[in-house]
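Student: Handing you a structure now.
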There are 2 protein chains.
Amino acid sequence: MPKQVDHEERRRHLAGAVLHLIGARGLEAATLRAVAAEAGVSMGAVQHYFKTKDEMVLFAMEHNQHLLAARVRKRFAEPPGSAREWFRRVIQEMLPTSEESRAGARLYAALQARAVVDPAMASLAVHAIEGATAFYRARLEDVRQEGGLPADLDVDREARSLYSTVSGLVAPLLFGACTEEEAMEVLDAHLDRMFG
Amino acid sequence: MPKQVDHEERRRHLAGAVLHLIGARGLEAATLRAVAAEAGVSMGAVQHYFKTKDEMVLFAMEHNQHLLAARVRKRFAEPPGSAREWFRRVIQEMLPTSEESRAGARLYAALQARAVVDPAMASLAVHAIEGATAFYRARLEDVRQEGGLPADLDVDREARSLYSTVSGLVAPLLFGACTEEEAMEVLDAHLDRMFG
DNA sequence: CGTTTTACAATGCATCTGCATGGTAACAAA
DNA sequence: TTTGTTACCATGCAGATGCATTGTAAAACG
């Protein structure tokens, strides 16, 4: 054998190149050759780690979800403050405000477009939606138990409602149809209502 | 000259083929040849009416917005009932419930993905967002004037908030991450809050 | 009637795409 | 040291794609 290589680490490295290309120039820019060039390897290397292009893109998108989850978890670990502040902070991390999260939003747009025609991508999209909603729900349930929310609140619906508001803010922000201040106003109004 | 032809009508016919292809099989399916076949003409005809593929896709997307506007206007013209019912009805038309509106949502996903890399598409996306928001705002303002809403309500923010909730319901519905009932529950909760 | 313009059709072409193939060099195991 | 496996690289290929070119028939126009 040649030098022992961490297979998964190499795949993640290539996935990074894929994500960079898609985020910067769209799904169609992620050709095998472009990915190879971006990653600084030959096309053969890319083919060595991914049997097909679809597998490559899918892996990259999954990898992106892990990255996003990690980013959110980081915020998650910060001192909580009030429940309201906590939600505000985490959600702000999900909205396309920083260049990093804007790249994430561009990737998500690509994912959705492909999910329309590709079942594997669709289930990934569903997973992302359910993941985010479940995340909200769990936190809301915590707060409710602590008495920070009405005991008879429909946590499930509230989580979905929050998800809708948040994800509905992404496109306007991404394309500049509204300012960050306007978006945060909408979010704050939603949180105000939730937390009374 | 050959038989006089309604230039714009021919373009709209081709745009229909483009939209059908994109809605069914994604952006990448809208090749010149596929569009020609779908429309039942030769490739030369397509080239005759659109100088480039980009121009064709852009025109088709614009055409789609006109179609959507027309569909909403139709609902709009129906007997209004209460303001709340009116909003509920119009919004339901925008959500991907019928196969027709699902196709619209798929097209919108494609539009957004392309808007990330194509400025012309981006401004179309912005136009769509602002159009919808302005539409809500105007209606909300009407209702406010009639006393159906608090006089001091921030109509602008309320419109944006409504837009966010609605557009945030699209993806979950489209990919089956939530049921229509759940979506309508979220919408109803939002409307309940707005109209008190 | 003839000319010219319009509305297509047919085809060719350079380019790009994903993928298959055939190498080769490094290195672990025998 | 031999052998076999792994990790690539270089190249080739068939198909697709956008666009340019050329051809042609019909009809409006002088």
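Residues in the structure tokens are numbered from 1 in each chain, the chains being A, B, ... in the order shown, and ligands are numbered from 1 in the order shown.
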With 12 Å as the cut-off and only C-alpha atoms (C1' of nucleotides) counted, what is the closest atom pair between each nearby residue of chain C and chain A? Distances in Å to one decimal, ordered by chain and number, as a Markdown table.
Tutor:
```
| residue | atom | partner | partner_atom | distance |
| --- | --- | --- | --- | --- |
| C:DC16 | C1' | A:Thr31 | CA | 9.8 |
| C:DT17 | C1' | A:Thr31 | CA | 7.9 |
| C:DG18 | C1' | A:Lys53 | CA | 7.5 |
| C:DC19 | C1' | A:Thr52 | CA | 8.2 |
| C:DA20 | C1' | A:Gln47 | CA | 10.8 |
| C:DT21 | C1' | A:Gly44 | CA | 11.4 |
| C:DG23 | C1' | A:Gly44 | CA | 11.9 |
| C:DT24 | C1' | A:Pro2 | CA | 11.5 |
| C:DA25 | C1' | A:Pro2 | CA | 8.0 |
| C:DA26 | C1' | A:Pro2 | CA | 4.2 |
| C:DC27 | C1' | A:Met1 | CA | 4.5 |
| C:DA28 | C1' | A:Met1 | CA | 5.6 |
| C:DA29 | C1' | A:Met1 | CA | 9.3 |
```
Student: Please tabulate, as CSV, the residues of chain A that come within 12 Å of chain D, each with its closest pair of atoms and the distance in Å to one decimal, counting only C-alpha atoms (C1' of nucleotides) and ordering rows by chain, then residue number upward.
Tutor:
```
residue,atom,partner,partner_atom,distance
A:Met1,CA,D:DT6,C1',4.5
A:Pro2,CA,D:DT6,C1',5.7
A:Lys3,CA,D:DA7,C1',8.1
A:Gln4,CA,D:DT6,C1',8.4
A:Val5,CA,D:DA7,C1',8.5
A:Asp6,CA,D:DA7,C1',11.3
A:His7,CA,D:DA7,C1',10.3
A:Arg10,CA,D:DA7,C1',11.3
A:Ala36,CA,D:DC9,C1',11.8
A:Val41,CA,D:DC8,C1',9.1
A:Ser42,CA,D:DC9,C1',6.5
A:Met43,CA,D:DC9,C1',8.0
A:Gly44,CA,D:DC9,C1',6.2
A:Ala45,CA,D:DC8,C1',5.6
A:Val46,CA,D:DC8,C1',9.4
A:Gln47,CA,D:DC8,C1',9.7
A:His48,CA,D:DC8,C1',7.6
A:Tyr49,CA,D:DA7,C1',9.7
```
Student: Find the residues of chain B that sit at most 6 Å from chain A; for each, write down the nearest two atoms and how far apart they are in Å, to one decimal. Count only C-alpha atoms. Sort by chain, then by number going up, and give it as JSON lines.
Tutor:
```
{"residue": "B:Arg25", "atom": "CA", "partner": "A:Val117", "partner_atom": "CA", "distance": 5.8}
{"residue": "B:Ala109", "atom": "CA", "partner": "A:Ala113", "partner_atom": "CA", "distance": 5.1}
{"residue": "B:Ala110", "atom": "CA", "partner": "A:Ala113", "partner_atom": "CA", "distance": 5.1}
{"residue": "B:Ala113", "atom": "CA", "partner": "A:Ala109", "partner_atom": "CA", "distance": 5.0}
{"residue": "B:Val117", "atom": "CA", "partner": "A:Arg25", "partner_atom": "CA", "distance": 5.8}
{"residue": "B:Val126", "atom": "CA", "partner": "A:Ala177", "partner_atom": "CA", "distance": 5.4}
{"residue": "B:Ser161", "atom": "CA", "partner": "A:Val186", "partner_atom": "CA", "distance": 5.5}
{"residue": "B:Ser164", "atom": "CA", "partner": "A:Gly168", "partner_atom": "CA", "distance": 3.9}
{"residue": "B:Thr165", "atom": "CA", "partner": "A:Thr165", "partner_atom": "CA", "distance": 4.4}
{"residue": "B:Ser167", "atom": "CA", "partner": "A:Gly168", "partner_atom": "CA", "distance": 5.1}
{"residue": "B:Gly168", "atom": "CA", "partner": "A:Ser164", "partner_atom": "CA", "distance": 3.9}
{"residue": "B:Leu169", "atom": "CA", "partner": "A:Ser164", "partner_atom": "CA", "distance": 5.5}
{"residue": "B:Ala177", "atom": "CA", "partner": "A:Val126", "partner_atom": "CA", "distance": 5.4}
{"residue": "B:Val186", "atom": "CA", "partner": "A:Ser161", "partner_atom": "CA", "distance": 5.5}
```
Student: Next, write the just-selected residues to a file, as an mmCIF file, in the first residue's frame, keeping N, CA and C atoms as the atom set.
Tutor:
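Result went into part-v4.cif, see below:
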```cif
data_model
loop_
_atom_site.group_PDB
_atom_site.id
_atom_site.type_symbol
_atom_site.label_atom_id
_atom_site.label_comp_id
_atom_site.auth_asym_id
_atom_site.auth_seq_id
_atom_site.Cartn_x
_atom_site.Cartn_y
_atom_site.Cartn_z
ATOM 1 N N ARG B 25 -38.592 18.296 -14.175
ATOM 2 C CA ARG B 25 -37.294 17.637 -14.087
ATOM 3 C C ARG B 25 -36.138 18.564 -13.758
ATOM 4 N N ALA B 109 -38.155 27.135 -6.322
ATOM 5 C CA ALA B 109 -36.902 26.578 -5.807
ATOM 6 C C ALA B 109 -35.803 26.704 -6.853
ATOM 7 N N ALA B 110 -36.154 26.410 -8.098
ATOM 8 C CA ALA B 110 -35.177 26.537 -9.181
ATOM 9 C C ALA B 110 -34.747 27.986 -9.346
ATOM 10 N N ALA B 113 -32.304 28.977 -6.606
ATOM 11 C CA ALA B 113 -30.986 28.378 -6.800
ATOM 12 C C ALA B 113 -30.210 29.129 -7.868
ATOM 13 N N VAL B 117 -26.506 32.733 -8.308
ATOM 14 C CA VAL B 117 -25.370 32.998 -9.195
ATOM 15 C C VAL B 117 -25.682 33.964 -10.331
ATOM 16 N N VAL B 126 -36.026 39.004 -5.924
ATOM 17 C CA VAL B 126 -36.322 40.146 -5.058
ATOM 18 C C VAL B 126 -37.691 40.721 -5.414
ATOM 19 N N SER B 161 -43.754 39.787 8.364
ATOM 20 C CA SER B 161 -43.901 38.649 9.250
ATOM 21 C C SER B 161 -44.789 37.579 8.619
ATOM 22 N N SER B 164 -42.930 35.826 5.863
ATOM 23 C CA SER B 164 -41.968 34.856 6.366
ATOM 24 C C SER B 164 -42.649 33.550 6.743
ATOM 25 N N THR B 165 -43.708 33.676 7.505
ATOM 26 C CA THR B 165 -44.417 32.470 7.920
ATOM 27 C C THR B 165 -44.880 31.667 6.719
ATOM 28 N N SER B 167 -43.913 31.780 3.469
ATOM 29 C CA SER B 167 -42.885 31.220 2.593
ATOM 30 C C SER B 167 -42.071 30.155 3.330
ATOM 31 N N GLY B 168 -42.059 30.234 4.655
ATOM 32 C CA GLY B 168 -41.371 29.203 5.412
ATOM 33 C C GLY B 168 -42.137 27.898 5.464
ATOM 34 N N LEU B 169 -43.392 27.945 5.081
ATOM 35 C CA LEU B 169 -44.188 26.709 5.055
ATOM 36 C C LEU B 169 -44.044 25.962 3.744
ATOM 37 N N ALA B 177 -42.345 17.279 4.633
ATOM 38 C CA ALA B 177 -41.868 17.281 6.017
ATOM 39 C C ALA B 177 -42.983 17.679 6.977
ATOM 40 N N VAL B 186 -50.416 26.199 11.569
ATOM 41 C CA VAL B 186 -49.449 27.272 11.787
ATOM 42 C C VAL B 186 -49.981 28.582 11.205
#
```
Student: For Ala120 in chain A, which residue out of A:Val35, A:Ala77, A:Asp54, A:Glu8 is the nearest one, using only C-alpha atoms?
Tutor: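 Going through A:Val35, A:Ala77, A:Asp54, A:Glu8 one by one, the smallest distance to Ala120 in chain A is for A:Asp54.
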Student: Could you tell me how far CA of Glu55 in chain A lies from CA of His13 in chain A, in Å and to one decimal?
Tutor: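 That distance, rounded to one decimal, is 14.8 Å.
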Student: Enumerate the residues of chain B with a DSSP assignment of helix (DSSP H, G or I), computed from the backbone, and present them as a PyMOL selection string.
Tutor: chain B and resi 7-25+27-29+32-39+43-49+53-77+83-94+99-115+119-145+155-175+180-195
Student: So what do you get for CA of Ala15 in chain B versus CA of Ala60 in chain B, distance-wise?
Tutor: 4.5 Å
Student: What's the separation between CA of Met94 in chain A and CA of Phe135 in chain A, in Å to one decimal place?
Tutor: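 Separating CA of Met94 in chain A from CA of Phe135 in chain A is a distance of 12.5 Å.
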Student: Go through B:Glu100, B:Ala34, B:Ala138, B:Ala29 and flag the residue nearest Leu67 in chain B, using only C-alpha atoms for the distances.
Tutor: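 Checking each candidate against Leu67 in chain B, we get B:Glu100 as the closest.
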